[in-house]
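Next comes my_file13.csv, a file with CSV, C-alpha atoms.
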```csv
chain,number,residue,atom,x,y,z
A,1,MET,CA,0.0,0.0,0.0
A,2,SER,CA,1.3,3.4,-0.9
A,3,THR,CA,2.4,5.7,1.9
A,4,SER,CA,3.9,8.6,-0.1
A,5,TYR,CA,2.1,11.8,-0.9
A,6,ILE,CA,0.9,12.1,-4.5
A,7,PRO,CA,0.2,15.7,-5.7
A,8,GLU,CA,-3.5,16.3,-6.6
A,9,GLN,CA,-2.5,17.5,-10.0
A,10,THR,CA,-0.8,14.2,-10.7
A,11,LYS,CA,-3.9,12.3,-9.5
A,12,ARG,CA,-6.2,14.3,-11.8
A,13,ILE,CA,-4.0,13.7,-14.8
A,14,LEU,CA,-3.9,10.0,-14.1
A,15,TRP,CA,-7.7,9.9,-13.8
A,16,GLY,CA,-8.0,11.7,-17.1
A,17,LYS,CA,-5.5,9.4,-18.9
A,18,ALA,CA,-7.3,6.3,-17.5
A,19,ALA,CA,-10.8,7.7,-18.1
A,20,GLY,CA,-11.7,6.7,-14.6
A,21,ARG,CA,-11.3,3.0,-15.3
A,22,CYS,CA,-9.2,0.2,-14.0
A,23,GLN,CA,-6.0,-0.1,-16.0
A,24,TYR,CA,-5.5,-3.8,-15.4
A,25,GLN,CA,-5.6,-5.5,-18.8
A,26,GLY,CA,-9.1,-6.8,-19.5
A,27,CYS,CA,-10.8,-5.3,-16.5
A,28,ASN,CA,-11.9,-1.8,-17.6
A,29,LYS,CA,-14.1,-1.5,-14.4
A,30,CYS,CA,-15.7,1.9,-13.9
A,31,LEU,CA,-14.2,3.4,-10.8
A,32,PHE,CA,-16.6,6.2,-10.1
A,33,GLN,CA,-20.0,4.5,-10.3
A,34,ASP,CA,-21.3,1.4,-8.4
A,35,LYS,CA,-22.4,-1.2,-11.0
A,36,ILE,CA,-25.5,-2.2,-9.1
A,37,THR,CA,-26.9,0.9,-7.4
A,38,LYS,CA,-25.4,3.4,-9.9
A,39,ALA,CA,-24.3,5.5,-7.0
A,40,GLU,CA,-21.3,7.7,-7.9
A,41,PHE,CA,-18.3,7.7,-5.6
A,42,ASN,CA,-14.5,7.2,-5.8
A,43,GLN,CA,-13.7,3.5,-5.8
A,44,ALA,CA,-10.2,3.9,-7.3
A,45,TYR,CA,-6.8,2.9,-5.9
A,46,ILE,CA,-3.6,4.5,-7.2
A,47,ALA,CA,-1.0,1.7,-7.5
A,48,HIS,CA,2.7,2.1,-7.8
A,49,ILE,CA,4.5,0.0,-10.5
A,50,ILE,CA,7.8,0.4,-8.6
A,51,ALA,CA,6.8,0.6,-4.9
A,52,ASP,CA,7.4,3.9,-3.2
A,53,LYS,CA,9.5,2.0,-0.6
A,54,PRO,CA,12.5,-0.3,-1.4
A,55,GLY,CA,10.8,-3.1,0.5
A,56,GLY,CA,7.5,-2.9,-1.3
A,57,PRO,CA,6.3,-4.8,-4.4
A,58,ARG,CA,8.9,-4.3,-7.2
A,59,GLY,CA,10.7,-1.9,-4.9
A,60,ASP,CA,14.2,-0.7,-5.6
A,61,ILE,CA,16.7,1.0,-3.3
A,62,ILE,CA,17.3,3.9,-5.7
A,63,ARG,CA,14.3,4.0,-8.1
A,64,SER,CA,11.6,3.8,-5.4
A,65,GLU,CA,12.4,7.3,-4.1
A,66,LEU,CA,12.9,8.7,-7.6
A,67,LEU,CA,9.6,7.4,-9.0
A,68,LYS,CA,7.3,7.6,-6.0
A,69,ASN,CA,5.4,10.6,-7.4
A,70,LYS,CA,6.0,10.2,-11.1
A,71,LEU,CA,2.9,9.8,-13.3
A,72,SER,CA,4.7,7.2,-15.4
A,73,ASN,CA,5.0,5.0,-12.4
A,74,LEU,CA,1.3,5.2,-11.3
A,75,MET,CA,-1.7,3.1,-12.4
A,76,LEU,CA,-5.4,3.6,-11.6
A,77,MET,CA,-6.9,0.3,-10.3
A,78,CYS,CA,-9.9,-1.4,-8.7
A,79,ASP,CA,-9.4,-2.9,-5.3
A,80,GLU,CA,-9.3,-6.5,-6.7
A,81,HIS,CA,-6.5,-5.9,-9.1
A,82,HIS,CA,-4.6,-3.6,-6.7
A,83,ARG,CA,-4.5,-6.4,-4.2
A,84,LEU,CA,-3.6,-8.9,-7.0
A,85,ILE,CA,-0.4,-7.1,-8.1
A,86,ASP,CA,0.7,-5.9,-4.7
A,87,LYS,CA,-0.1,-8.9,-2.4
A,88,VAL,CA,-1.5,-12.0,-4.1
A,89,ASP,CA,0.8,-12.4,-7.2
A,90,ILE,CA,3.7,-10.0,-7.0
A,91,ALA,CA,6.0,-12.3,-9.0
A,92,GLY,CA,3.5,-12.6,-11.8
A,93,HIS,CA,3.3,-8.8,-12.2
A,94,PRO,CA,6.8,-7.5,-13.0
A,95,GLU,CA,7.4,-3.9,-13.9
A,96,SER,CA,7.5,-4.6,-17.7
A,97,LEU,CA,4.1,-6.2,-17.7
A,98,LEU,CA,2.4,-3.4,-15.7
A,99,LEU,CA,4.0,-0.7,-17.9
A,100,GLU,CA,2.7,-2.4,-20.9
A,101,MET,CA,-0.8,-2.6,-19.4
A,102,LYS,CA,-0.7,1.1,-18.6
A,103,ARG,CA,0.6,2.0,-22.1
A,104,LYS,CA,-2.1,0.0,-23.9
A,105,GLN,CA,-5.0,1.2,-21.8
A,106,GLU,CA,-4.0,4.9,-22.1
A,107,GLU,CA,-3.4,4.6,-25.9
A,108,ARG,CA,-6.8,3.0,-26.2
A,109,ILE,CA,-8.5,5.7,-24.2
A,110,ARG,CA,-6.7,8.4,-26.2
A,111,SER,CA,-7.6,6.8,-29.5
A,112,ILE,CA,-11.3,6.7,-28.6
A,113,THR,CA,-11.4,10.2,-27.3
A,114,ASP,CA,-9.5,11.6,-30.3
A,115,ILE,CA,-12.5,10.7,-32.5
A,116,SER,CA,-14.2,13.8,-33.9
A,117,GLU,CA,-17.9,14.3,-33.2
A,118,VAL,CA,-18.4,14.1,-37.0
A,119,GLY,CA,-17.1,10.5,-36.9
A,120,LYS,CA,-20.5,9.0,-36.4
A,121,SER,CA,-21.1,5.8,-38.5
A,122,HIS,CA,-23.9,3.4,-38.7
A,123,LEU,CA,-22.7,-0.2,-38.5
A,124,LEU,CA,-24.3,-2.2,-41.3
A,125,ILE,CA,-24.4,-6.0,-41.2
A,126,TYR,CA,-25.3,-8.4,-44.0
A,127,ARG,CA,-24.8,-12.1,-43.8
A,128,ALA,CA,-26.1,-15.1,-45.8
A,129,ASN,CA,-25.2,-18.8,-45.9
A,130,VAL,CA,-22.1,-19.6,-47.9
A,131,GLY,CA,-22.2,-23.3,-48.8
A,132,LYS,CA,-22.6,-25.2,-45.6
A,133,ASN,CA,-21.3,-22.3,-43.5
A,134,THR,CA,-23.5,-19.8,-41.6
A,135,PRO,CA,-21.5,-16.6,-40.9
A,136,PHE,CA,-21.6,-15.1,-37.4
A,137,LEU,CA,-21.5,-11.3,-37.3
A,138,THR,CA,-22.5,-9.3,-34.2
A,139,TYR,CA,-22.5,-5.7,-33.2
A,140,GLN,CA,-20.4,-6.5,-30.1
A,141,SER,CA,-17.7,-8.3,-32.1
A,142,LEU,CA,-17.5,-5.7,-35.0
A,143,SER,CA,-18.0,-2.3,-33.4
A,144,PRO,CA,-14.4,-2.1,-32.0
A,145,TYR,CA,-13.2,-2.0,-35.7
A,146,LEU,CA,-14.9,1.3,-36.1
A,147,LEU,CA,-12.9,2.9,-33.3
A,148,LYS,CA,-9.6,1.9,-35.0
A,149,LYS,CA,-10.8,3.9,-38.1
A,150,LYS,CA,-11.7,7.0,-36.0
A,151,TYR,CA,-15.4,6.4,-36.1
A,152,TYR,CA,-17.9,5.6,-33.4
A,153,PRO,CA,-21.2,3.7,-33.6
A,154,ALA,CA,-24.1,6.0,-34.3
A,155,ASP,CA,-26.4,3.6,-32.4
A,156,SER,CA,-26.2,0.9,-29.8
A,157,LYS,CA,-27.1,-1.8,-32.3
A,158,ALA,CA,-26.4,-2.5,-35.9
A,159,ILE,CA,-28.6,-2.2,-39.0
A,160,ASP,CA,-28.9,-5.9,-39.9
A,161,LEU,CA,-30.2,-6.7,-43.3
A,162,SER,CA,-29.7,-10.5,-42.9
A,163,LEU,CA,-32.4,-13.2,-43.1
A,164,SER,CA,-32.2,-14.9,-39.7
A,165,ASN,CA,-31.9,-18.7,-39.2
A,166,SER,CA,-32.4,-19.4,-42.9
A,167,PRO,CA,-32.1,-23.2,-43.6
A,168,GLN,CA,-31.6,-22.7,-47.4
A,169,ARG,CA,-28.3,-23.1,-49.1
A,170,ASP,CA,-26.8,-21.4,-52.1
A,171,LYS,CA,-27.0,-24.6,-54.3
A,172,ASN,CA,-30.7,-24.1,-54.5
A,173,LEU,CA,-32.6,-21.7,-56.7
A,174,SER,CA,-35.0,-20.9,-53.8
A,175,PHE,CA,-32.0,-19.6,-51.8
A,176,TRP,CA,-31.3,-16.8,-54.3
A,177,ILE,CA,-35.0,-15.8,-54.7
A,178,THR,CA,-35.5,-15.7,-50.9
A,179,GLU,CA,-32.3,-13.8,-50.2
A,180,LEU,CA,-32.8,-11.2,-52.9
A,181,GLU,CA,-36.3,-10.5,-51.8
A,182,ASN,CA,-35.2,-10.2,-48.2
A,183,LEU,CA,-32.3,-8.0,-49.0
A,184,GLU,CA,-34.3,-5.5,-50.9
A,185,THR,CA,-37.2,-5.6,-48.4
A,186,GLN,CA,-34.8,-5.0,-45.4
A,187,PHE,CA,-33.0,-2.2,-47.3
A,188,ASN,CA,-36.2,-0.5,-48.1
A,189,GLU,CA,-37.6,-0.8,-44.6
A,190,GLN,CA,-34.5,0.0,-42.6
A,191,ILE,CA,-32.4,2.3,-44.8
A,192,ARG,CA,-34.0,3.8,-47.9
A,193,HIS,CA,-36.4,6.3,-46.2
A,194,LYS,CA,-33.7,7.4,-43.8
A,195,LEU,CA,-31.3,8.1,-46.7
A,196,ARG,CA,-34.0,10.3,-48.2
A,197,GLN,CA,-34.3,12.2,-44.9
A,198,ASN,CA,-30.4,12.5,-44.7
A,199,LYS,CA,-30.4,10.6,-41.4
A,200,LEU,CA,-27.6,8.2,-42.4
A,201,ALA,CA,-24.4,10.1,-43.1
A,202,HIS,CA,-21.9,7.2,-43.1
A,203,PHE,CA,-22.0,3.4,-43.1
A,204,SER,CA,-19.4,0.9,-41.8
A,205,ILE,CA,-20.2,-2.2,-43.9
A,206,PHE,CA,-19.5,-5.7,-42.5
A,207,ALA,CA,-20.8,-8.5,-44.8
A,208,PHE,CA,-20.2,-12.2,-45.4
A,209,ALA,CA,-22.4,-13.8,-48.1
A,210,PRO,CA,-22.1,-15.3,-51.6
A,211,ILE,CA,-20.5,-12.8,-54.0
A,212,PRO,CA,-23.6,-12.2,-56.2
A,213,LEU,CA,-25.5,-11.0,-53.2
A,214,LEU,CA,-22.7,-8.8,-52.1
A,215,ILE,CA,-22.6,-7.1,-55.5
A,216,LYS,CA,-26.4,-6.6,-55.2
A,217,LEU,CA,-25.9,-5.0,-51.7
A,218,GLY,CA,-23.4,-2.6,-53.3
A,219,THR,CA,-25.9,-1.5,-55.9
A,220,LEU,CA,-28.4,-0.7,-53.2
A,221,ILE,CA,-25.9,1.4,-51.2
A,222,ASN,CA,-24.2,2.9,-54.3
A,223,ASP,CA,-21.2,5.2,-54.3
A,224,ILE,CA,-23.1,8.4,-53.5
A,225,GLN,CA,-23.4,7.2,-49.9
A,226,ARG,CA,-20.3,7.7,-47.7
A,227,ALA,CA,-19.2,4.3,-46.5
A,228,ASP,CA,-16.2,2.2,-45.4
A,229,ILE,CA,-16.3,-1.4,-46.7
A,230,HIS,CA,-14.6,-3.7,-44.2
A,231,GLN,CA,-12.8,-6.8,-45.4
A,232,PRO,CA,-12.2,-10.0,-43.4
A,233,ILE,CA,-8.5,-10.6,-43.5
A,234,ARG,CA,-7.0,-13.9,-42.4
A,235,LYS,CA,-3.4,-12.9,-41.6
A,236,PRO,CA,-3.3,-10.9,-39.5
A,237,ALA,CA,-6.9,-11.5,-38.4
A,238,THR,CA,-8.8,-8.3,-38.8
A,239,TRP,CA,-11.8,-6.6,-40.5
A,240,ASN,CA,-9.9,-3.4,-41.3
A,241,LEU,CA,-8.0,-2.7,-44.5
A,242,ALA,CA,-4.7,-0.9,-43.8
A,243,GLU,CA,-4.4,2.7,-44.9
A,244,ILE,CA,-1.3,1.9,-47.0
A,245,GLY,CA,0.3,-1.3,-48.3
A,246,LYS,CA,1.6,-3.1,-51.3
A,247,ILE,CA,0.3,-1.6,-54.6
A,248,MET,CA,-1.4,-4.3,-56.7
A,249,ALA,CA,-1.3,-4.0,-60.5
A,250,TYR,CA,-4.6,-5.0,-62.0
A,251,GLN,CA,-4.3,-6.4,-65.5
A,252,VAL,CA,-7.1,-6.1,-68.0
A,253,ILE,CA,-7.2,-8.7,-70.8
A,254,SER,CA,-9.5,-7.8,-73.7
A,255,PRO,CA,-11.0,-10.2,-76.1
A,256,LYS,CA,-9.7,-10.5,-79.7
A,257,ARG,CA,-13.1,-10.8,-81.3
A,258,LYS,CA,-16.5,-9.2,-80.7
A,259,PHE,CA,-19.5,-11.5,-80.3
A,260,LYS,CA,-23.1,-10.7,-79.4
A,261,GLN,CA,-22.6,-11.8,-75.9
A,262,VAL,CA,-20.1,-10.2,-73.5
A,263,ALA,CA,-18.7,-11.5,-70.2
A,264,LEU,CA,-16.4,-10.2,-67.5
A,265,ASN,CA,-14.0,-12.6,-65.8
A,266,LEU,CA,-12.9,-11.3,-62.4
A,267,SER,CA,-10.0,-13.6,-61.4
A,268,LEU,CA,-8.6,-12.0,-58.2
A,269,SER,CA,-9.2,-14.4,-55.4
A,270,ALA,CA,-8.6,-17.4,-57.7
A,271,THR,CA,-8.2,-18.0,-61.4
A,272,ILE,CA,-11.2,-18.6,-63.6
A,273,ASN,CA,-10.3,-20.2,-66.9
A,274,ASN,CA,-12.4,-18.9,-69.8
A,275,ASP,CA,-13.5,-22.4,-70.8
A,276,ARG,CA,-15.5,-22.4,-67.5
A,277,ILE,CA,-17.4,-19.4,-68.9
A,278,THR,CA,-17.9,-20.6,-72.4
A,279,LYS,CA,-19.2,-23.9,-70.9
A,280,VAL,CA,-22.1,-21.7,-69.6
A,281,LEU,CA,-22.5,-19.1,-72.4
A,282,GLY,CA,-21.1,-20.9,-75.4
A,283,THR,CA,-18.1,-20.0,-77.5
A,284,ASP,CA,-19.7,-17.0,-79.2
A,285,CYS,CA,-18.9,-14.8,-76.3
A,286,SER,CA,-16.4,-11.9,-75.9
A,287,ILE,CA,-14.6,-12.2,-72.5
A,288,TYR,CA,-12.9,-9.4,-70.7
A,289,THR,CA,-10.7,-10.4,-67.8
A,290,VAL,CA,-9.4,-8.5,-64.8
A,291,THR,CA,-6.7,-10.3,-62.8
A,292,ILE,CA,-3.5,-9.9,-60.8
A,293,LYS,CA,-0.1,-11.6,-61.2
A,294,GLN,CA,-0.9,-14.3,-58.6
A,295,PRO,CA,-4.6,-14.5,-57.7
A,296,PHE,CA,-5.2,-15.7,-54.1
A,297,ASN,CA,-8.0,-15.4,-51.6
A,298,ASP,CA,-6.3,-13.0,-49.1
A,299,PHE,CA,-4.6,-10.5,-51.4
A,300,LEU,CA,-6.7,-7.5,-50.5
A,301,LYS,CA,-4.9,-5.8,-47.6
A,302,CYS,CA,-5.2,-2.0,-48.0
A,303,LYS,CA,-7.6,0.7,-49.0
A,304,GLN,CA,-5.4,1.8,-52.0
A,305,GLN,CA,-5.8,-1.6,-53.5
A,306,LEU,CA,-9.6,-1.3,-53.3
A,307,GLU,CA,-9.6,2.3,-54.6
A,308,ASN,CA,-7.3,1.3,-57.6
A,309,PHE,CA,-9.7,-1.6,-58.4
A,310,SER,CA,-12.7,0.8,-58.3
A,311,LYS,CA,-11.0,3.1,-60.8
A,312,LYS,CA,-10.0,0.2,-63.1
A,313,ILE,CA,-13.5,-1.4,-63.1
A,314,ARG,CA,-15.3,1.9,-63.7
A,315,LEU,CA,-13.2,2.5,-66.8
A,316,LEU,CA,-13.7,-1.0,-67.9
A,317,PHE,CA,-17.5,-0.8,-67.6
A,318,ASP,CA,-17.3,2.3,-69.8
A,319,THR,CA,-15.1,0.6,-72.3
A,320,ILE,CA,-17.4,-2.5,-72.6
A,321,LYS,CA,-20.5,-0.3,-72.9
A,322,SER,CA,-18.9,1.7,-75.7
A,323,ASN,CA,-18.3,-1.5,-77.6
A,324,TYR,CA,-21.9,-2.7,-77.1
A,325,ASN,CA,-24.7,-0.6,-75.6
A,326,SER,CA,-26.5,-0.1,-72.3
A,327,LYS,CA,-29.2,-2.7,-73.1
A,328,ILE,CA,-26.9,-5.7,-73.7
A,329,PRO,CA,-26.4,-7.6,-70.4
A,330,LEU,CA,-22.9,-8.0,-69.0
A,331,HIS,CA,-22.3,-11.6,-67.6
A,332,ILE,CA,-20.1,-11.5,-64.6
A,333,PHE,CA,-18.1,-14.5,-63.3
A,334,PRO,CA,-16.5,-13.5,-60.0
A,335,ALA,CA,-13.7,-14.8,-57.9
A,336,ILE,CA,-13.2,-11.7,-55.7
A,337,PRO,CA,-12.9,-10.6,-52.1
A,338,ILE,CA,-15.9,-9.4,-50.2
A,339,ALA,CA,-15.0,-5.7,-50.2
A,340,ILE,CA,-14.4,-5.7,-54.0
A,341,ALA,CA,-17.7,-7.5,-54.6
A,342,ILE,CA,-19.5,-4.7,-52.7
A,343,GLU,CA,-17.5,-2.1,-54.6
A,344,VAL,CA,-18.4,-3.6,-58.0
A,345,GLY,CA,-22.0,-3.0,-57.1
A,346,ARG,CA,-21.4,0.5,-55.7
A,347,ILE,CA,-19.7,1.9,-58.8
A,348,TRP,CA,-22.3,0.4,-61.2
A,349,MET,CA,-24.6,3.2,-62.4
A,350,PRO,CA,-28.2,2.0,-62.9
A,351,LYS,CA,-29.2,4.7,-65.3
A,352,ALA,CA,-26.1,4.4,-67.6
A,353,ASP,CA,-24.5,0.9,-67.3
A,354,MET,CA,-25.4,-2.4,-68.8
A,355,PRO,CA,-27.7,-4.9,-66.9
A,356,LEU,CA,-25.6,-7.4,-64.9
A,357,ILE,CA,-26.1,-11.1,-64.8
A,358,ILE,CA,-23.9,-12.5,-62.0
A,359,TYR,CA,-23.0,-16.1,-61.7
A,360,ASP,CA,-22.1,-18.2,-58.7
A,361,GLU,CA,-19.8,-21.3,-58.8
A,362,ASN,CA,-21.3,-24.4,-57.2
A,363,THR,CA,-19.2,-27.6,-57.6
A,364,SER,CA,-22.2,-29.7,-56.6
A,365,LYS,CA,-24.0,-28.4,-59.7
A,366,GLY,CA,-21.0,-28.7,-62.0
A,367,GLY,CA,-19.8,-25.2,-62.3
A,368,PHE,CA,-21.2,-21.6,-62.6
A,369,LEU,CA,-24.9,-21.0,-62.4
A,370,LYS,CA,-26.9,-17.8,-63.0
A,371,ALA,CA,-27.6,-16.4,-59.5
A,372,VAL,CA,-28.6,-12.7,-59.6
A,373,GLU,CA,-29.8,-10.3,-62.3
A,374,ILE,CA,-29.5,-6.6,-61.8
A,375,ASN,CA,-31.4,-4.5,-64.3
A,376,ASN,CA,-30.7,-0.9,-65.2
A,377,ILE,CA,-33.3,1.8,-65.4
A,378,LEU,CA,-34.3,2.6,-68.9
```
Show this structure as structure tokens.
Amino acid sequence: MSTSYIPEQTKRILWGKAAGRCQYQGCNKCLFQDKITKAEFNQAYIAHIIADKPGGPRGDIIRSELLKNKLSNLMLMCDEHHRLIDKVDIAGHPESLLLEMKRKQEERIRSITDISEVGKSHLLIYRANVGKNTPFLTYQSLSPYLLKKKYYPADSKAIDLSLSNSPQRDKNLSFWITELENLETQFNEQIRHKLRQNKLAHFSIFAFAPIPLLIKLGTLINDIQRADIHQPIRKPATWNLAEIGKIMAYQVISPKRKFKQVALNLSLSATINNDRITKVLGTDCSIYTVTIKQPFNDFLKCKQQLENFSKKIRLLFDTIKSNYNSKIPLHIFPAIPIAIAIEVGRIWMPKADMPLIIYDENTSKGGFLKAVEINNIL
């Protein structure tokens, strides 16, 4: 237990840096309000990392005196964790561990409180069964990713466009009919009227569903609406694209001949051979391809890669339309990440671009099958 005098100014700064919460890693207990009665009173203890006496926990014959009143040597703690580090498990709480706890907690508080009041964002969730898998996305698990991007949740719950507890699978035609109907219905009921009233300034989009449905979601939101599209990344595990990263060169391969039918091969997460497309559409089809040097399923890591793709596909949509017209459908065969799928839909212009027919690959059905049609406004 501390016996040295700590100046009031130092105490106030410590309280501010800790935001009145226990700094023990994983605790975060509010130290100025009782959890049950909600009565407000001071429950905090100020703990020394290096004890203020040489014989105390982690004490030192020289440093104890030097650091006894230093802000860098003090932590705000609840009674439970103060006792833990000073009496119950001193050996398990060396100086280096406590300093790291203090650093992380104060950086987290600073990061959160640095968010501007204009950083309000509506957390938007959409999930649908992918093969045998049912994605699990929750407000609680996803909202922390907003804070890392200098946004804060506009509401205490997400806008969820998902169809709950659906037993249907994407190998069945009924799945696509049901999911499309639900997606459009939920968007109209939960979002469209609020957009018209300017009540939704920014979206943070978290989605996990078959690619054709994600493209459809993108067309509903479109690029007029301010939004951050979050991408699930395997290594390191996160839902946030980095601000900067390796620049990816997107290659466009144009067809040598013009046929009445036209298709777009998006080979980014994996390679789609053109014969898998002609198997569906026949050989009288012009195929444009967008790919990268080595397609793989976790290539998308940073925002710049997404922005560069958006520019490339927008120009390609214009090129294809100039060679055909806005009434001819564009058949899309995608192997692309989630964020890129949504971006494809967002940059598509309903009054100017060609109708889209989007295919989904299903090995149990022998290849690509027509899944979603998106019509333009004539």
Using only C-alpha atoms, the shortest atom-to-atom distance to Ala237 in chain A among A:Lys150, A:Arg257, A:Lys279, A:Lys301 belongs to A:Lys301
Got a sec: who's within 12 Å of range 126-134 of chain A, counting only C-alpha atoms, leaving out chain neighbours fewer than 5 positions off, as an mmCIF file with C-alpha atoms, keeping the file's coordinate frame?
```
data_model
loop_
_atom_site.group_PDB
_atom_site.id
_atom_site.type_symbol
_atom_site.label_atom_id
_atom_site.label_comp_id
_atom_site.auth_asym_id
_atom_site.auth_seq_id
_atom_site.Cartn_x
_atom_site.Cartn_y
_atom_site.Cartn_z
ATOM 1 C CA TYR A 139 -22.500 -5.700 -33.200
ATOM 2 C CA ALA A 158 -26.400 -2.500 -35.900
ATOM 3 C CA ILE A 159 -28.600 -2.200 -39.000
ATOM 4 C CA ASP A 160 -28.900 -5.900 -39.900
ATOM 5 C CA LEU A 161 -30.200 -6.700 -43.300
ATOM 6 C CA SER A 162 -29.700 -10.500 -42.900
ATOM 7 C CA LEU A 163 -32.400 -13.200 -43.100
ATOM 8 C CA SER A 164 -32.200 -14.900 -39.700
ATOM 9 C CA ASN A 165 -31.900 -18.700 -39.200
ATOM 10 C CA SER A 166 -32.400 -19.400 -42.900
ATOM 11 C CA PRO A 167 -32.100 -23.200 -43.600
ATOM 12 C CA GLN A 168 -31.600 -22.700 -47.400
ATOM 13 C CA ARG A 169 -28.300 -23.100 -49.100
ATOM 14 C CA ASP A 170 -26.800 -21.400 -52.100
ATOM 15 C CA LYS A 171 -27.000 -24.600 -54.300
ATOM 16 C CA ASN A 172 -30.700 -24.100 -54.500
ATOM 17 C CA PHE A 175 -32.000 -19.600 -51.800
ATOM 18 C CA TRP A 176 -31.300 -16.800 -54.300
ATOM 19 C CA THR A 178 -35.500 -15.700 -50.900
ATOM 20 C CA GLU A 179 -32.300 -13.800 -50.200
ATOM 21 C CA LEU A 180 -32.800 -11.200 -52.900
ATOM 22 C CA ASN A 182 -35.200 -10.200 -48.200
ATOM 23 C CA LEU A 183 -32.300 -8.000 -49.000
ATOM 24 C CA GLU A 184 -34.300 -5.500 -50.900
ATOM 25 C CA GLN A 186 -34.800 -5.000 -45.400
ATOM 26 C CA PHE A 187 -33.000 -2.200 -47.300
ATOM 27 C CA SER A 204 -19.400 0.900 -41.800
ATOM 28 C CA ILE A 205 -20.200 -2.200 -43.900
ATOM 29 C CA PHE A 206 -19.500 -5.700 -42.500
ATOM 30 C CA ALA A 207 -20.800 -8.500 -44.800
ATOM 31 C CA PHE A 208 -20.200 -12.200 -45.400
ATOM 32 C CA ALA A 209 -22.400 -13.800 -48.100
ATOM 33 C CA PRO A 210 -22.100 -15.300 -51.600
ATOM 34 C CA ILE A 211 -20.500 -12.800 -54.000
ATOM 35 C CA PRO A 212 -23.600 -12.200 -56.200
ATOM 36 C CA LEU A 213 -25.500 -11.000 -53.200
ATOM 37 C CA LEU A 214 -22.700 -8.800 -52.100
ATOM 38 C CA ILE A 215 -22.600 -7.100 -55.500
ATOM 39 C CA LYS A 216 -26.400 -6.600 -55.200
ATOM 40 C CA LEU A 217 -25.900 -5.000 -51.700
ATOM 41 C CA GLY A 218 -23.400 -2.600 -53.300
ATOM 42 C CA ILE A 229 -16.300 -1.400 -46.700
ATOM 43 C CA HIS A 230 -14.600 -3.700 -44.200
ATOM 44 C CA ILE A 338 -15.900 -9.400 -50.200
ATOM 45 C CA ILE A 342 -19.500 -4.700 -52.700
ATOM 46 C CA ASP A 360 -22.100 -18.200 -58.700
ATOM 47 C CA GLU A 361 -19.800 -21.300 -58.800
ATOM 48 C CA ASN A 362 -21.300 -24.400 -57.200
ATOM 49 C CA THR A 363 -19.200 -27.600 -57.600
ATOM 50 C CA SER A 364 -22.200 -29.700 -56.600
#
```
9 Å contact set for range 66-80 of chain A, all atoms listed in the file, chain neighbours under 5 positions out, as a ChimeraX atom specification: /A:2,4-7,10-11,13-15,18,20-24,27,29-31,43-53,98-99,102
Ala227 in chain A surroundings by all atoms listed in the file, 12 Å radius, close-in-sequence under 4 positions cut, as a list of chain:residue names: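 Neighbouring residues, sequence-local ones excluded: A:Gly119, A:Lys120, A:Ser121, A:His122, A:Leu123, A:Leu124, A:Leu146, A:Lys149, A:Tyr151, A:Leu200, A:Ala201, A:His202, A:Phe203, A:Ser204, A:Ile205, A:Phe206, A:Gly218, A:Ile221, A:Asn222, A:Asp223, A:Ala339, A:Ile342, A:Glu343, A:Arg346.
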Exercise for the section: Check the smallest atom-to-atom distance from each of A:Met248, A:Ile177, A:Arg108, A:Pro57 to Leu84 in chain A using only C-alpha atoms, then report the winner. Expected result: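 Of the candidates, the smallest distance to Leu84 in chain A is held by A:Pro57.
The two atoms in question, CA of Tyr145 in chain A and CA of Asn297 in chain A, are spaced 21.4 Å apart.
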| message | For a test of reading the model, state the distance in Å between CA of Asp298 in chain A and CA of Lys235 in chain A, rounded to one decimal. | response |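 Between these atoms lies a distance of 8.0 Å.
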Just want the 10 Å neighbourhood of Pro350 in chain A, counted on only C-alpha atoms, with same-chain residues fewer than 5 positions away dropped. Output as an mmCIF file with C-alpha atoms, in the frame of the given file.
```cif
data_model
loop_
_atom_site.group_PDB
_atom_site.id
_atom_site.type_symbol
_atom_site.label_atom_id
_atom_site.label_comp_id
_atom_site.auth_asym_id
_atom_site.auth_seq_id
_atom_site.Cartn_x
_atom_site.Cartn_y
_atom_site.Cartn_z
ATOM 1 C CA THR A 219 -25.900 -1.500 -55.900
ATOM 2 C CA ASN A 222 -24.200 2.900 -54.300
ATOM 3 C CA SER A 326 -26.500 -0.100 -72.300
ATOM 4 C CA GLY A 345 -22.000 -3.000 -57.100
ATOM 5 C CA PRO A 355 -27.700 -4.900 -66.900
ATOM 6 C CA LEU A 356 -25.600 -7.400 -64.900
ATOM 7 C CA ILE A 374 -29.500 -6.600 -61.800
ATOM 8 C CA ASN A 375 -31.400 -4.500 -64.300
ATOM 9 C CA ASN A 376 -30.700 -0.900 -65.200
ATOM 10 C CA ILE A 377 -33.300 1.800 -65.400
ATOM 11 C CA LEU A 378 -34.300 2.600 -68.900
#
```
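CA of Ile358 in chain A to CA of Leu266 in chain A spans 11.1 Å [interatomic distance, one decimal].
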Between A:Val290, A:Leu147, A:Val252, A:Leu316, single out the one closest to Ser267 in chain A, counting only C-alpha atoms.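 Selected residue with least distance to Ser267 in chain A: A:Val290.
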